[in-house]
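Q: Have a look at this one before I ask anything.
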Amino acid sequence: GKKIIEKYNLDYPILVAHRGSSFTAPESTAPAIKQAIKSGIDYIELDLQQTQDGELVIFHDTNLLRLTDAKRVFPQRENYDLQNFNLAELKKLNYGSWFNVKNPGRAQADYSNLEILTLSEVLALVNPSKTGVGLALELKSPYLYEEIEETLVKELAAANVLETKNKKPKIIFLSFSPASLKKLAKLRPESPRLLLTKRNFVSPKRWQRWLDLTEEIADGIAPKGHVSFPWYIGAAHKRDLFVLPYVINRSWQLKIMSWFSADGYITDRPKLLANFYDRV
Ligand code: G3P
Ligand code: CA
């Protein structure tokens, strides 16, 4: 893992806040992002999708109903998939109230009036050149959006966040989709790429096959939590791939995985992570 981390000038271990500080604020919203910036981590992980009118926005689910009041605002619609809404419509939705209802102990008044953010709003909010915090951008369900990789790389280039010049990259790409990572490798070979896998426990043979695929299209693999036993991490390191388990929210998990030499972690609790590694 170390070799690839050095190649890209990444911090070791790589500390990533999952959907911002999503334990303490509604996922992928401005407060979640601001809290993550302050926490001392390296990257903020956010999911990208595309509106009907072609804007890149940050939203995890393909459907709007879990996280917004789309049904109340647009009662006549038959289908609440994000891809069927344009940006002006999405901006009318309430995108935070669910958090206060679900987590009364962590509720805050200003969480009840938030909006879905575009990628360009997030770039302005995070301002990687100033804060030193980068973005780990996941292409979510990229097969739904034609040429989303091209659109993304163009937008990032226009915002001047792709140039690395021997510095830590401001942008990392992630996806569950090998096809999408392949496209990004062609469009932007200089940016680190991570293959996500939902698998928790896999046989050693199967893990090697995952690593074969990772080697082809990415620089590292992000497995779901506990697959990160020493042997699994070691097998990835033998191929100079880095391993970034998700979503690691507990101190005991961090402790165990640090013994096993994970190269970093994706967490809903960036403060916990930053404290564990004395980054604050
Ligand atoms: O960063 C890994 C993680 O984001 C992948 O799962 O469903 O939270 O996007 P999900
Ligand atoms: Ca994600």
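By order of appearance in the structure tokens: chains A, B, ..., then residues from 1 within every chain, and ligands from 1 in the order shown.
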Report as an NGL selection string which protein, DNA and RNA residues come within 7 Å of ligand 1, using only C-alpha atoms and all ligand atoms.

A: :A and (18 or 45 or 47 or 60 or 196 or 222 or 246-247 or 266)

Q: Give one line per residue of chain A that approaches ligand 2 to at most 12 Å, naming the two atoms of the closest pair and their distance in Å to one decimal, counting only C-alpha atoms and all ligand atoms; sort by chain then ascending residue number and deliver it as JSON lines.

A:
```
{"residue": "A:Val16", "atom": "CA", "partner": "ligand 2", "partner_atom_place_in_ligand_line": "1 (Ca)", "distance": 11.0}
{"residue": "A:Ala17", "atom": "CA", "partner": "ligand 2", "partner_atom_place_in_ligand_line": "1 (Ca)", "distance": 10.2}
{"residue": "A:His18", "atom": "CA", "partner": "ligand 2", "partner_atom_place_in_ligand_line": "1 (Ca)", "distance": 6.9}
{"residue": "A:Arg19", "atom": "CA", "partner": "ligand 2", "partner_atom_place_in_ligand_line": "1 (Ca)", "distance": 6.8}
{"residue": "A:Gly20", "atom": "CA", "partner": "ligand 2", "partner_atom_place_in_ligand_line": "1 (Ca)", "distance": 10.4}
{"residue": "A:Ser22", "atom": "CA", "partner": "ligand 2", "partner_atom_place_in_ligand_line": "1 (Ca)", "distance": 11.5}
{"residue": "A:Glu27", "atom": "CA", "partner": "ligand 2", "partner_atom_place_in_ligand_line": "1 (Ca)", "distance": 10.5}
{"residue": "A:Ser28", "atom": "CA", "partner": "ligand 2", "partner_atom_place_in_ligand_line": "1 (Ca)", "distance": 9.9}
{"residue": "A:Ile44", "atom": "CA", "partner": "ligand 2", "partner_atom_place_in_ligand_line": "1 (Ca)", "distance": 10.2}
{"residue": "A:Glu45", "atom": "CA", "partner": "ligand 2", "partner_atom_place_in_ligand_line": "1 (Ca)", "distance": 6.4}
{"residue": "A:Leu46", "atom": "CA", "partner": "ligand 2", "partner_atom_place_in_ligand_line": "1 (Ca)", "distance": 5.8}
{"residue": "A:Asp47", "atom": "CA", "partner": "ligand 2", "partner_atom_place_in_ligand_line": "1 (Ca)", "distance": 5.0}
{"residue": "A:Leu48", "atom": "CA", "partner": "ligand 2", "partner_atom_place_in_ligand_line": "1 (Ca)", "distance": 8.5}
{"residue": "A:Gln49", "atom": "CA", "partner": "ligand 2", "partner_atom_place_in_ligand_line": "1 (Ca)", "distance": 11.1}
{"residue": "A:Ile58", "atom": "CA", "partner": "ligand 2", "partner_atom_place_in_ligand_line": "1 (Ca)", "distance": 10.0}
{"residue": "A:Phe59", "atom": "CA", "partner": "ligand 2", "partner_atom_place_in_ligand_line": "1 (Ca)", "distance": 9.0}
{"residue": "A:His60", "atom": "CA", "partner": "ligand 2", "partner_atom_place_in_ligand_line": "1 (Ca)", "distance": 6.5}
{"residue": "A:Asp61", "atom": "CA", "partner": "ligand 2", "partner_atom_place_in_ligand_line": "1 (Ca)", "distance": 9.4}
{"residue": "A:Thr62", "atom": "CA", "partner": "ligand 2", "partner_atom_place_in_ligand_line": "1 (Ca)", "distance": 11.8}
{"residue": "A:Leu135", "atom": "CA", "partner": "ligand 2", "partner_atom_place_in_ligand_line": "1 (Ca)", "distance": 11.6}
{"residue": "A:Ala136", "atom": "CA", "partner": "ligand 2", "partner_atom_place_in_ligand_line": "1 (Ca)", "distance": 8.9}
{"residue": "A:Leu137", "atom": "CA", "partner": "ligand 2", "partner_atom_place_in_ligand_line": "1 (Ca)", "distance": 7.8}
{"residue": "A:Glu138", "atom": "CA", "partner": "ligand 2", "partner_atom_place_in_ligand_line": "1 (Ca)", "distance": 5.5}
{"residue": "A:Leu139", "atom": "CA", "partner": "ligand 2", "partner_atom_place_in_ligand_line": "1 (Ca)", "distance": 8.0}
{"residue": "A:Lys140", "atom": "CA", "partner": "ligand 2", "partner_atom_place_in_ligand_line": "1 (Ca)", "distance": 7.1}
{"residue": "A:Ser141", "atom": "CA", "partner": "ligand 2", "partner_atom_place_in_ligand_line": "1 (Ca)", "distance": 10.4}
{"residue": "A:Phe173", "atom": "CA", "partner": "ligand 2", "partner_atom_place_in_ligand_line": "1 (Ca)", "distance": 10.6}
{"residue": "A:Leu174", "atom": "CA", "partner": "ligand 2", "partner_atom_place_in_ligand_line": "1 (Ca)", "distance": 7.9}
{"residue": "A:Ser175", "atom": "CA", "partner": "ligand 2", "partner_atom_place_in_ligand_line": "1 (Ca)", "distance": 8.0}
{"residue": "A:Phe176", "atom": "CA", "partner": "ligand 2", "partner_atom_place_in_ligand_line": "1 (Ca)", "distance": 9.1}
{"residue": "A:Ser177", "atom": "CA", "partner": "ligand 2", "partner_atom_place_in_ligand_line": "1 (Ca)", "distance": 12.0}
{"residue": "A:Leu194", "atom": "CA", "partner": "ligand 2", "partner_atom_place_in_ligand_line": "1 (Ca)", "distance": 11.4}
{"residue": "A:Leu195", "atom": "CA", "partner": "ligand 2", "partner_atom_place_in_ligand_line": "1 (Ca)", "distance": 11.4}
{"residue": "A:Leu196", "atom": "CA", "partner": "ligand 2", "partner_atom_place_in_ligand_line": "1 (Ca)", "distance": 8.9}
{"residue": "A:Thr197", "atom": "CA", "partner": "ligand 2", "partner_atom_place_in_ligand_line": "1 (Ca)", "distance": 11.1}
{"residue": "A:Lys198", "atom": "CA", "partner": "ligand 2", "partner_atom_place_in_ligand_line": "1 (Ca)", "distance": 11.1}
{"residue": "A:Ala222", "atom": "CA", "partner": "ligand 2", "partner_atom_place_in_ligand_line": "1 (Ca)", "distance": 10.7}
{"residue": "A:Lys224", "atom": "CA", "partner": "ligand 2", "partner_atom_place_in_ligand_line": "1 (Ca)", "distance": 11.6}
{"residue": "A:Tyr246", "atom": "CA", "partner": "ligand 2", "partner_atom_place_in_ligand_line": "1 (Ca)", "distance": 9.5}
{"residue": "A:Val247", "atom": "CA", "partner": "ligand 2", "partner_atom_place_in_ligand_line": "1 (Ca)", "distance": 9.8}
{"residue": "A:Ile266", "atom": "CA", "partner": "ligand 2", "partner_atom_place_in_ligand_line": "1 (Ca)", "distance": 9.6}
{"residue": "A:Thr267", "atom": "CA", "partner": "ligand 2", "partner_atom_place_in_ligand_line": "1 (Ca)", "distance": 10.8}
{"residue": "A:Asp268", "atom": "CA", "partner": "ligand 2", "partner_atom_place_in_ligand_line": "1 (Ca)", "distance": 11.0}
```

Q: Rank nothing, just name the residue among A:Pro192, A:Gly54, A:Pro230, A:Pro26 nearest to Ile116 (chain A), using only C-alpha atoms.

A: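 So, comparing all the options, the nearest one is A:Pro26.
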
Q: Neighbouring residues of Gln108 (chain A) were defined as those with any atom within 12 Å, considering only C-alpha atoms; residues of the same chain fewer than 6 positions away were excluded. Please report them as a PyMOL selection string.

A: chain A and resi 24-26+31-32+96-102+114

Q: As a VMD selection string, please: every residue in region 200-257 of chain A that DSSP puts in alpha helix (DSSP H).

A: chain A and resid 204 to 217 230 to 238 251 to 257

Q: Store the residues picked out above, limited to C-alpha atoms, as a tab-separated table (two decimals), in the first residue's frame.

A:
```tsv
chain	number	residue	atom	x	y	z
A	204	PRO	CA	-9.29	-15.90	-0.34
A	205	LYS	CA	-9.69	-17.04	-3.94
A	206	ARG	CA	-12.48	-14.59	-4.54
A	207	TRP	CA	-10.53	-11.78	-2.90
A	208	GLN	CA	-7.65	-12.46	-5.30
A	209	ARG	CA	-10.12	-12.10	-8.18
A	210	TRP	CA	-11.28	-8.78	-6.75
A	211	LEU	CA	-7.63	-7.72	-6.59
A	212	ASP	CA	-7.11	-8.83	-10.23
A	213	LEU	CA	-9.92	-6.49	-11.23
A	214	THR	CA	-8.66	-3.70	-8.98
A	215	GLU	CA	-5.19	-3.92	-10.50
A	216	GLU	CA	-6.68	-3.47	-13.94
A	217	ILE	CA	-8.74	-0.35	-13.27
A	230	PRO	CA	-4.44	-9.14	7.91
A	231	TRP	CA	-4.19	-11.66	5.11
A	232	TYR	CA	-6.58	-9.68	2.90
A	233	ILE	CA	-4.73	-6.44	3.41
A	234	GLY	CA	-1.39	-8.18	2.94
A	235	ALA	CA	-2.53	-9.72	-0.37
A	236	ALA	CA	-3.51	-6.25	-1.64
A	237	HIS	CA	-0.22	-4.74	-0.45
A	238	LYS	CA	1.74	-7.43	-2.30
A	251	SER	CA	-12.71	2.93	18.02
A	252	TRP	CA	-12.23	-0.82	18.44
A	253	GLN	CA	-12.58	-1.29	14.67
A	254	LEU	CA	-9.99	1.41	14.05
A	255	LYS	CA	-7.62	-0.18	16.53
A	256	ILE	CA	-7.86	-3.62	14.95
A	257	MET	CA	-7.56	-2.35	11.40
```

Q: What gap, in Å, lies between CA of Leu117 (chain A) and CA of Ser129 (chain A)?

A: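 One can read the CA of Leu117 (chain A) to CA of Ser129 (chain A) distance as 19.7 Å.
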
Q: Using only C-alpha atoms, which of A:Asp240, A:Glu55, A:Asp42, A:Glu147 sits nearest Ile172 (chain A)?

A: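 For Ile172 (chain A), the nearest of the given residues is A:Asp42.
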